[in-house]
Amino acid sequence: MDMSAGLRLTGLDDFITPSQACIKPVESVEPAAGKGNSVSIQFEEDGTYQEVGNDGSKKQLAPAKITLNDCLACSGCITSAESVLITQQSVDEFLSVLAANQPVEQGGKVFVVSVSPQAWASVATKYNIPGMEALGRMSTLFRSLGAAKVMDVVLARDLSLVEACEEHLSRARNTEEKRPVLASACPGWVCYAEKTQHPALPYMSAVKSPQQIAGTLVKGHVAAQLGVSAAQVYHICLMPCFDKKLEASRDDFLEEVTGSREVDLVLTSAEVVELLEKRGLDFLSLPPSGLDNLWGEHVEAGLVAWGPHGSSGSYAETVFAHAALAMHGRRVVIKEAAAAKGGEGDTEMGE
């Protein structure tokens with residue numbers, strides 16, 4: 001089974017066209033106030049911009065620096081801008097950082113890998129093997145490349161669900177700010193809302209996604225365990241979607257003092273396969289190995305017992321059940337057996 005073609009950067013035809021030019025192509029300095037000066041901008045045949053003064057003098061304008069946040073707020077060339085960003089978060093970039101790394105004593109990086117359930121499930125489907133076997137082999141792969149720790153994201157997801165429940169209760173009980181909560185764990189949805197659905201923004205959840213919670217834990221708690229600074233930890237997340245690269249690159253998740261990002265690099269499931277091909281490795285020949293947990297223990301790769309097991313994060317299910325118990329004293333049990341067999345399933349409520 002091939003990885004989804006929709007997750008590959010091939011055949012893009014949306015690069016900037018004259019009718020979809022960037023809204024910030026140049027940077028112009030405002031003239032000093034009180035001098036009555038006026039200028040005009042002239043577009044030259046060579047593609048540059050000239051500032052033309054009243055006396056006919058010309059000054060070439062330097063291109064403005066466009067940040068990721070500018071792109072996220074723009075309704076124009078976002079996908080093309082994403083493609084530039086994605087080249088900075090790729091298998092080639094990962095291999096380049098590996099090759100240039102120095103020993104920790106000389107200021108080198110310590111590699112920590114976080115694996116999402118969706119990522120190992122996709123790899124398992126690709127190679128037609130059980131999920132836990134795929135997770136164990138992925139652990140071996142990244143340990144062989146120098147990772148000090150390989151962890152799963154299940155605990156981070158559980159923390160995200162707990163905080164989402166508390167956020168909903170806080171809003172529901174606040175008569176002045178009583179409003180619904182829109183989940184914000186999907187960066188594609190967040191980007192869409194920021195660009196085209198501004199009225200939805202006040203309803204967006206302020207809770208970090210599991211990926212970024214994992215980043216907080218790794219750069220804080222795990223870095224302390226390893227005896228290194230947060231800036232020395234190079235945190236790699238294995239995720240199912242390219243949009244997660246955008247999320248990791250947002251300034252919201254940049255530690256200002258150290259300049260360290262919570263997640264330094266995101267690789268998708270398809271890129272794990274690409275990594276295997278570039279290193280000439282046979283995935284099925286790699287022996288499975290265990291994972292590291294938050295408490296510094298090395299454990300066998302397997303499903304964690306806590307948290308619900310929904311298909312898309314379980315936010316609606318978890319928040320609904322928690323609110324029913326906390327606000328109405330009703331315990332909700334979601335029966336998934338029928339749904340798993342192709343039926344509709346049902347919801348049971350009790351005192």
# chains A, B, ... in the order shown; residues from 1 in each chain; ligands from 1
call {"tool": "residues_around", "arguments": {"residues": "Ser229 (chain A)", "least_positions_apart": "5", "cutoff": "12 Å", "atoms": "only C-alpha atoms", "output": "PDB file with N, CA, C and O atoms, in the first residue's frame"}}
result
ATOM      1  N   VAL A 104      27.976  15.938  22.802  1.00  0.00           N
ATOM      2  CA  VAL A 104      27.249  16.813  23.726  1.00  0.00           C
ATOM      3  C   VAL A 104      28.215  17.697  24.509  1.00  0.00           C
ATOM      4  O   VAL A 104      27.940  18.879  24.763  1.00  0.00           O
ATOM      5  N   GLU A 105      29.380  17.147  24.868  1.00  0.00           N
ATOM      6  CA  GLU A 105      30.354  17.910  25.637  1.00  0.00           C
ATOM      7  C   GLU A 105      30.862  19.120  24.868  1.00  0.00           C
ATOM      8  O   GLU A 105      31.353  20.088  25.451  1.00  0.00           O
ATOM      9  N   GLY A 107      28.906  20.922  22.904  1.00  0.00           N
ATOM     10  CA  GLY A 107      27.738  21.721  22.542  1.00  0.00           C
ATOM     11  C   GLY A 107      26.836  21.080  21.517  1.00  0.00           C
ATOM     12  O   GLY A 107      25.957  21.756  20.956  1.00  0.00           O
ATOM     13  N   GLY A 108      27.029  19.791  21.253  1.00  0.00           N
ATOM     14  CA  GLY A 108      26.201  19.090  20.273  1.00  0.00           C
ATOM     15  C   GLY A 108      24.791  18.847  20.767  1.00  0.00           C
ATOM     16  O   GLY A 108      24.446  19.131  21.914  1.00  0.00           O
ATOM     17  N   LYS A 109      23.978  18.293  19.889  1.00  0.00           N
ATOM     18  CA  LYS A 109      22.568  18.074  20.178  1.00  0.00           C
ATOM     19  C   LYS A 109      22.317  16.667  20.709  1.00  0.00           C
ATOM     20  O   LYS A 109      23.022  15.713  20.368  1.00  0.00           O
ATOM     21  N   VAL A 110      21.280  16.548  21.534  1.00  0.00           N
ATOM     22  CA  VAL A 110      20.752  15.259  21.966  1.00  0.00           C
ATOM     23  C   VAL A 110      19.423  15.064  21.249  1.00  0.00           C
ATOM     24  O   VAL A 110      18.529  15.919  21.337  1.00  0.00           O
ATOM     25  N   VAL A 218       9.352  17.492  26.619  1.00  0.00           N
ATOM     26  CA  VAL A 218      10.692  17.086  26.200  1.00  0.00           C
ATOM     27  C   VAL A 218      11.709  18.179  26.493  1.00  0.00           C
ATOM     28  O   VAL A 218      12.794  17.912  27.044  1.00  0.00           O
ATOM     29  N   LYS A 219      11.380  19.424  26.138  1.00  0.00           N
ATOM     30  CA  LYS A 219      12.342  20.513  26.333  1.00  0.00           C
ATOM     31  C   LYS A 219      12.484  20.914  27.797  1.00  0.00           C
ATOM     32  O   LYS A 219      13.463  21.581  28.166  1.00  0.00           O
ATOM     33  N   GLY A 220      11.535  20.511  28.631  1.00  0.00           N
ATOM     34  CA  GLY A 220      11.635  20.818  30.051  1.00  0.00           C
ATOM     35  C   GLY A 220      12.084  19.619  30.869  1.00  0.00           C
ATOM     36  O   GLY A 220      13.244  19.490  31.258  1.00  0.00           O
ATOM     37  N   HIS A 221      11.160  18.694  31.085  1.00  0.00           N
ATOM     38  CA  HIS A 221      11.408  17.559  31.969  1.00  0.00           C
ATOM     39  C   HIS A 221      12.475  16.610  31.420  1.00  0.00           C
ATOM     40  O   HIS A 221      13.400  16.216  32.142  1.00  0.00           O
ATOM     41  N   VAL A 222      12.372  16.237  30.166  1.00  0.00           N
ATOM     42  CA  VAL A 222      13.313  15.270  29.589  1.00  0.00           C
ATOM     43  C   VAL A 222      14.707  15.874  29.475  1.00  0.00           C
ATOM     44  O   VAL A 222      15.714  15.211  29.750  1.00  0.00           O
ATOM     45  N   ALA A 223      14.800  17.148  29.101  1.00  0.00           N
ATOM     46  CA  ALA A 223      16.107  17.806  29.028  1.00  0.00           C
ATOM     47  C   ALA A 223      16.793  17.803  30.389  1.00  0.00           C
ATOM     48  O   ALA A 223      18.008  17.565  30.478  1.00  0.00           O
ATOM     49  N   ALA A 224      16.013  18.043  31.453  1.00  0.00           N
ATOM     50  CA  ALA A 224      16.576  18.020  32.803  1.00  0.00           C
ATOM     51  C   ALA A 224      17.060  16.613  33.156  1.00  0.00           C
ATOM     52  O   ALA A 224      18.113  16.452  33.791  1.00  0.00           O
ATOM     53  N   TYR A 234      17.365  18.260  20.464  1.00  0.00           N
ATOM     54  CA  TYR A 234      16.786  18.366  19.117  1.00  0.00           C
ATOM     55  C   TYR A 234      15.597  17.419  19.088  1.00  0.00           C
ATOM     56  O   TYR A 234      15.746  16.200  19.041  1.00  0.00           O
ATOM     57  N   VAL A 257      13.922  33.240  25.364  1.00  0.00           N
ATOM     58  CA  VAL A 257      15.222  33.407  26.025  1.00  0.00           C
ATOM     59  C   VAL A 257      16.297  32.572  25.346  1.00  0.00           C
ATOM     60  O   VAL A 257      17.382  33.062  25.018  1.00  0.00           O
ATOM     61  N   THR A 258      15.998  31.301  25.110  1.00  0.00           N
ATOM     62  CA  THR A 258      17.005  30.394  24.537  1.00  0.00           C
ATOM     63  C   THR A 258      16.903  30.281  23.025  1.00  0.00           C
ATOM     64  O   THR A 258      17.821  29.772  22.383  1.00  0.00           O
ATOM     65  N   GLY A 259      15.780  30.744  22.453  1.00  0.00           N
ATOM     66  CA  GLY A 259      15.586  30.589  21.016  1.00  0.00           C
ATOM     67  C   GLY A 259      15.299  29.165  20.612  1.00  0.00           C
ATOM     68  O   GLY A 259      15.434  28.795  19.447  1.00  0.00           O
ATOM     69  N   SER A 260      14.883  28.346  21.565  1.00  0.00           N
ATOM     70  CA  SER A 260      14.630  26.926  21.316  1.00  0.00           C
ATOM     71  C   SER A 260      13.156  26.696  21.008  1.00  0.00           C
ATOM     72  O   SER A 260      12.273  27.200  21.712  1.00  0.00           O
TER      73      SER A 260
END
call {"tool": "residues_around", "arguments": {"residues": "region 271-286 of chain A", "least_positions_apart": "3", "cutoff": "8 Å", "atoms": "only C-alpha atoms", "output": "list in words"}}
result
Ser90, Val91, Val123, Tyr127, Arg137, Thr140, Leu141, Leu267 and Thr268 of chain A
call {"tool": "closest_residue", "arguments": {"among": "A:Asp92, A:Glu317, A:Asp152, A:Glu256", "to": "Gly290 (chain A)", "atoms": "only C-alpha atoms"}}
result
A:Asp152
call {"tool": "residues_around", "arguments": {"residues": "Val319 (chain A)", "least_positions_apart": "4", "cutoff": "7 Å", "atoms": "only C-alpha atoms", "output": "number ranges by chain"}}
result
A: 164-165, 315, 323
call {"tool": "write_last_selection", "arguments": {"atoms": "N, CA and C atoms", "output": "PDB file, in the first residue's frame"}}
result
ATOM      1  N   ALA A 164      -8.538  20.294  27.876  1.00  0.00           N
ATOM      2  CA  ALA A 164      -9.694  20.665  27.064  1.00  0.00           C
ATOM      3  C   ALA A 164     -10.980  20.548  27.868  1.00  0.00           C
ATOM      4  N   CYS A 165     -11.078  19.518  28.697  1.00  0.00           N
ATOM      5  CA  CYS A 165     -12.255  19.345  29.561  1.00  0.00           C
ATOM      6  C   CYS A 165     -12.390  20.506  30.550  1.00  0.00           C
ATOM      7  N   TYR A 315     -11.725  14.356  21.274  1.00  0.00           N
ATOM      8  CA  TYR A 315     -12.038  15.579  22.007  1.00  0.00           C
ATOM      9  C   TYR A 315     -13.522  15.679  22.321  1.00  0.00           C
ATOM     10  N   ALA A 323     -18.158  16.764  30.961  1.00  0.00           N
ATOM     11  CA  ALA A 323     -19.129  17.801  31.304  1.00  0.00           C
ATOM     12  C   ALA A 323     -20.409  17.194  31.864  1.00  0.00           C
TER      13      ALA A 323
END
call {"tool": "select_by_dssp", "arguments": {"residues": "region 137-340 of chain A", "states": "alpha helix (DSSP H)", "output": "compact mmCIF listing (two decimals) with C-alpha atoms, in the first residue's frame"}}
result
# COMPACT_ATOMS: atom_id res chain seq x y z
CA ARG A 137 10.78 -1.07 14.60
CA MET A 138 10.48 2.72 14.30
CA SER A 139 12.05 2.99 17.74
CA THR A 140 14.96 0.85 16.56
CA LEU A 141 15.32 2.92 13.39
CA PHE A 142 15.76 6.22 15.18
CA ARG A 143 17.91 4.78 17.94
CA SER A 144 20.24 3.42 15.25
CA VAL A 154 -0.14 9.26 24.13
CA LEU A 155 0.57 10.92 27.49
CA ALA A 156 0.72 14.34 25.83
CA ARG A 157 -2.62 13.63 24.13
CA ASP A 158 -4.15 12.66 27.46
CA LEU A 159 -2.93 15.90 29.06
CA SER A 160 -4.41 17.82 26.14
CA LEU A 161 -7.78 16.10 26.67
CA VAL A 162 -7.74 16.85 30.41
CA GLU A 163 -7.02 20.54 29.79
CA ALA A 164 -9.69 20.66 27.06
CA CYS A 165 -12.26 19.34 29.56
CA GLU A 166 -11.30 21.97 32.14
CA GLU A 167 -11.37 24.74 29.55
CA HIS A 168 -14.89 23.77 28.49
CA LEU A 169 -16.11 23.71 32.10
CA SER A 170 -14.53 27.10 32.76
CA ARG A 171 -16.29 28.67 29.78
CA ALA A 172 -19.59 26.93 30.48
CA ARG A 173 -19.66 28.15 34.09
CA PRO A 187 -3.09 23.22 12.45
CA GLY A 188 -4.82 23.00 9.08
CA TRP A 189 -8.12 24.06 10.67
CA VAL A 190 -6.36 26.78 12.69
CA CYS A 191 -4.73 28.15 9.53
CA TYR A 192 -8.06 28.10 7.67
CA ALA A 193 -9.82 29.94 10.50
CA GLU A 194 -7.07 32.56 10.77
CA LYS A 195 -7.25 33.23 7.04
CA THR A 196 -10.96 33.07 6.26
CA PRO A 210 -0.52 16.86 21.83
CA GLN A 211 2.48 17.60 19.60
CA GLN A 212 3.27 20.86 21.35
CA ILE A 213 2.56 19.48 24.82
CA ALA A 214 5.07 16.74 24.01
CA GLY A 215 7.48 19.51 23.03
CA THR A 216 7.01 21.24 26.38
CA LEU A 217 7.63 18.00 28.26
CA ALA A 223 16.11 17.81 29.03
CA ALA A 224 16.58 18.02 32.80
CA GLN A 225 16.73 14.21 32.99
CA LEU A 226 19.43 14.17 30.32
CA ASP A 243 0.52 20.86 8.44
CA LYS A 244 2.16 19.80 11.70
CA LYS A 245 5.37 21.29 10.31
CA LEU A 246 3.65 24.67 10.16
CA GLU A 247 2.48 24.30 13.73
CA ALA A 248 5.96 23.49 15.00
CA SER A 249 7.38 26.55 13.22
CA SER A 269 4.77 8.85 7.98
CA ALA A 270 5.65 9.06 4.29
CA GLU A 271 8.96 10.67 5.17
CA VAL A 272 9.80 7.81 7.52
CA VAL A 273 9.59 5.54 4.47
CA GLU A 274 11.70 8.05 2.51
CA LEU A 275 14.28 8.03 5.31
CA LEU A 276 14.51 4.24 5.14
CA GLU A 277 15.05 4.40 1.39
CA LYS A 278 17.74 7.07 1.64
CA ARG A 279 19.63 5.12 4.31
CA TYR A 315 -12.04 15.58 22.01
CA ALA A 316 -15.82 15.65 21.54
CA GLU A 317 -16.34 12.32 23.31
CA THR A 318 -14.08 13.16 26.25
CA VAL A 319 -15.34 16.71 26.80
CA PHE A 320 -18.98 15.59 26.54
CA ALA A 321 -18.55 12.77 29.05
CA HIS A 322 -16.58 14.96 31.47
CA ALA A 323 -19.13 17.80 31.30
CA ALA A 324 -22.05 15.41 31.81
CA LEU A 325 -20.47 14.08 35.00
CA ALA A 326 -19.12 17.38 36.36
CA MET A 327 -22.17 19.54 35.59
CA HIS A 328 -25.10 17.11 35.68
CA ALA A 337 -18.09 -2.29 19.79
CA ALA A 338 -21.05 -1.95 17.44
CA ALA A 339 -19.46 0.93 15.57
CA ALA A 340 -16.25 -1.03 15.15
call {"tool": "closest_residue", "arguments": {"among": "A:Arg330, A:Lys208, A:Lys58, A:Lys149", "to": "Glu297 (chain A)", "atoms": "only C-alpha atoms"}}
result
A:Lys149
call {"tool": "select_by_dssp", "arguments": {"residues": "region 102-275 of chain A", "states": "strand (DSSP E)", "output": "count of residues only"}}
result
27
call {"tool": "closest_residue", "arguments": {"among": "A:Ser205, A:Glu44, A:Ser116, A:Val233", "to": "Leu61 (chain A)", "atoms": "only C-alpha atoms"}}
result
A:Glu44
